Amino acid sequence: MDDTPAIEAALPAQALPAATAAVSGSAERRDYRPGYEIVAERILEYIAEERLVAGDRLPTEIALAQTLNTSRAVVREAVKILSALGRVRAHKGRGLFVADDEGMLVTSRWGGFFRPVDIDHVLMLFEFRRVQEMSASSLAATRATPSELRTIEVAMEQCRHGFVHGQVDVFNQADEDFHAAVSAASHNTFLVSAVRDARRLQRQSSAIGIHDTLSENTGAAVEEHEAIYRAIRDGRPEEAAQATAAHLDRTLEDYRREIQRRLFG
């Protein structure tokens, strides 16, 4: 990444206290967390703590590296992650900025608050998703049109295809499509928005704290998707809601185990 211009207001040293220790001495003891993951998380916290909004300028990579007592290379990798997440944007010759696309969620009450590798925050996010998606699937069971049912079915089939053939990108995209299609079939704009935003936050855990892989648990997700689809197709709202709850509860346990494995080995 090209050099970015200096910024008058340097990043306050106290803004990122934990990252400095983690990237230096603690990182050697906690090799389960690469330095760029820690730095990426702390930059997200800085954005929230400083109440930065879309378009606000961030410190330069050099300033961040100095404040965090780490290398610019580590900061650069963290910035790459945050750029991929849609959280920051790098403009050549101008610097780093808080992103302005709809994936940022900085203006939402929960977007800046969420810490992607904090198990308590992941738990709260799944609690939120459980409420929203149970309602969405229940409504979908009474409101879905034939076209919407077909969209849900195709996404379900693509999830199975991605799992069977070991195509993680295919599975992940189909998973997104499935949950989006179920929420759309609820015919409730507010649920559609809530489900979309919560899943964007969950993707931050995948990008920063949890690596996307396919496993036996992915196979369980495929079967759970089918149970949700069949309940919606057959017009059984309570069964659709319970199938959704079971799916999210099992997924949360997968997240919990993976985060704990990374924390404690």
# chains A, B, ... in the order shown; residues from 1 in each chain; ligands from 1
>>> residues_around(residues="stretch 94-98 of chain A", least_positions_apart="2", cutoff="7 Å", atoms="only C-alpha atoms", output="count of residues only")
17
>>> residues_around(residues="stretch 128-145 of chain A", least_positions_apart="4", cutoff="10 Å", atoms="only C-alpha atoms", output="PyMOL selection string")
chain A and resi 122-124+149-152+179-188+190-199+202+228-249
>>> closest_residue(among="A:Ala84, A:Cys159, A:Leu68, A:Leu201", to="A:Leu214", atoms="only C-alpha atoms")
A:Cys159
>>> closest_residue(among="A:Val170, A:Ala155, A:Glu148, A:Ala99", to="A:Leu52", atoms="only C-alpha atoms")
A:Ala99
>>> closest_residue(among="A:Val75, A:Glu224, A:Gly162, A:Asp175", to="A:Arg42", atoms="only C-alpha atoms")
A:Val75
>>> select_by_dssp(residues="stretch 41-155 of chain A", states="alpha helix (DSSP H)", output="PDB file with C-alpha atoms, in the first residue's frame")
ATOM      1  CA  GLU A  41      -9.801  -5.657  16.067  1.00  0.00           C
ATOM      2  CA  ARG A  42      -8.267  -2.703  17.906  1.00  0.00           C
ATOM      3  CA  ILE A  43      -8.686  -0.416  14.906  1.00  0.00           C
ATOM      4  CA  LEU A  44     -12.385  -1.310  14.906  1.00  0.00           C
ATOM      5  CA  GLU A  45     -12.529  -0.427  18.585  1.00  0.00           C
ATOM      6  CA  TYR A  46     -10.749   2.850  17.924  1.00  0.00           C
ATOM      7  CA  ILE A  47     -13.322   3.782  15.273  1.00  0.00           C
ATOM      8  CA  ALA A  48     -16.112   3.134  17.783  1.00  0.00           C
ATOM      9  CA  GLU A  49     -14.407   4.833  20.731  1.00  0.00           C
ATOM     10  CA  GLU A  61      -0.135   3.131   8.726  1.00  0.00           C
ATOM     11  CA  ILE A  62       3.119   4.518  10.127  1.00  0.00           C
ATOM     12  CA  ALA A  63       1.309   6.318  12.969  1.00  0.00           C
ATOM     13  CA  LEU A  64      -0.677   3.213  13.791  1.00  0.00           C
ATOM     14  CA  ALA A  65       2.446   1.048  13.785  1.00  0.00           C
ATOM     15  CA  GLN A  66       4.255   3.445  16.124  1.00  0.00           C
ATOM     16  CA  THR A  67       1.327   3.655  18.516  1.00  0.00           C
ATOM     17  CA  LEU A  68       0.879  -0.106  18.584  1.00  0.00           C
ATOM     18  CA  ARG A  72       3.982  -1.324   9.456  1.00  0.00           C
ATOM     19  CA  ALA A  73       3.695  -4.679   7.657  1.00  0.00           C
ATOM     20  CA  VAL A  74       1.390  -5.977  10.397  1.00  0.00           C
ATOM     21  CA  VAL A  75      -0.722  -2.822  10.236  1.00  0.00           C
ATOM     22  CA  ARG A  76      -0.890  -3.159   6.459  1.00  0.00           C
ATOM     23  CA  GLU A  77      -2.263  -6.706   6.756  1.00  0.00           C
ATOM     24  CA  ALA A  78      -4.837  -5.503   9.288  1.00  0.00           C
ATOM     25  CA  VAL A  79      -5.889  -2.739   6.908  1.00  0.00           C
ATOM     26  CA  LYS A  80      -6.300  -5.298   4.116  1.00  0.00           C
ATOM     27  CA  ILE A  81      -8.720  -7.277   6.294  1.00  0.00           C
ATOM     28  CA  LEU A  82     -10.686  -4.187   7.243  1.00  0.00           C
ATOM     29  CA  SER A  83     -10.795  -3.061   3.622  1.00  0.00           C
ATOM     30  CA  ALA A  84     -12.175  -6.456   2.592  1.00  0.00           C
ATOM     31  CA  ILE A 119     -17.108 -14.588  22.716  1.00  0.00           C
ATOM     32  CA  ASP A 120     -19.624 -12.532  24.711  1.00  0.00           C
ATOM     33  CA  HIS A 121     -20.250 -10.282  21.723  1.00  0.00           C
ATOM     34  CA  VAL A 122     -20.607 -13.264  19.401  1.00  0.00           C
ATOM     35  CA  LEU A 123     -23.111 -14.751  21.856  1.00  0.00           C
ATOM     36  CA  MET A 124     -25.129 -11.524  21.947  1.00  0.00           C
ATOM     37  CA  LEU A 125     -25.094 -11.321  18.163  1.00  0.00           C
ATOM     38  CA  PHE A 126     -26.451 -14.852  17.864  1.00  0.00           C
ATOM     39  CA  GLU A 127     -29.140 -14.072  20.430  1.00  0.00           C
ATOM     40  CA  PHE A 128     -30.133 -11.132  18.247  1.00  0.00           C
ATOM     41  CA  ARG A 129     -30.051 -13.262  15.093  1.00  0.00           C
ATOM     42  CA  ARG A 130     -32.142 -15.968  16.796  1.00  0.00           C
ATOM     43  CA  VAL A 131     -34.970 -13.550  17.561  1.00  0.00           C
ATOM     44  CA  GLN A 132     -34.964 -11.953  14.114  1.00  0.00           C
ATOM     45  CA  GLU A 133     -34.591 -15.087  12.014  1.00  0.00           C
ATOM     46  CA  MET A 134     -37.112 -17.143  13.970  1.00  0.00           C
ATOM     47  CA  SER A 135     -39.665 -14.416  13.296  1.00  0.00           C
ATOM     48  CA  ALA A 136     -38.640 -14.155   9.651  1.00  0.00           C
ATOM     49  CA  SER A 137     -38.941 -17.899   8.974  1.00  0.00           C
ATOM     50  CA  SER A 138     -42.250 -18.092  10.824  1.00  0.00           C
ATOM     51  CA  LEU A 139     -43.706 -15.287   8.714  1.00  0.00           C
ATOM     52  CA  ALA A 140     -42.190 -16.789   5.564  1.00  0.00           C
ATOM     53  CA  ALA A 141     -44.144 -19.984   6.208  1.00  0.00           C
ATOM     54  CA  THR A 142     -47.384 -18.032   5.828  1.00  0.00           C
ATOM     55  CA  ARG A 143     -46.352 -15.447   3.239  1.00  0.00           C
ATOM     56  CA  PRO A 146     -43.947 -19.776  -5.176  1.00  0.00           C
ATOM     57  CA  SER A 147     -41.112 -17.714  -6.629  1.00  0.00           C
ATOM     58  CA  GLU A 148     -39.689 -16.982  -3.179  1.00  0.00           C
ATOM     59  CA  LEU A 149     -39.930 -20.641  -2.212  1.00  0.00           C
ATOM     60  CA  ARG A 150     -37.975 -21.548  -5.321  1.00  0.00           C
ATOM     61  CA  THR A 151     -35.278 -18.992  -4.440  1.00  0.00           C
ATOM     62  CA  ILE A 152     -34.933 -20.518  -0.974  1.00  0.00           C
ATOM     63  CA  GLU A 153     -34.807 -24.021  -2.454  1.00  0.00           C
ATOM     64  CA  VAL A 154     -32.111 -23.112  -4.994  1.00  0.00           C
ATOM     65  CA  ALA A 155     -29.960 -21.565  -2.267  1.00  0.00           C
TER      66      ALA A 155
END
>>> closest_residue(among="A:Arg257, A:Ala227, A:Ser71, A:Thr251", to="A:Gly35", atoms="only C-alpha atoms")
A:Ser71
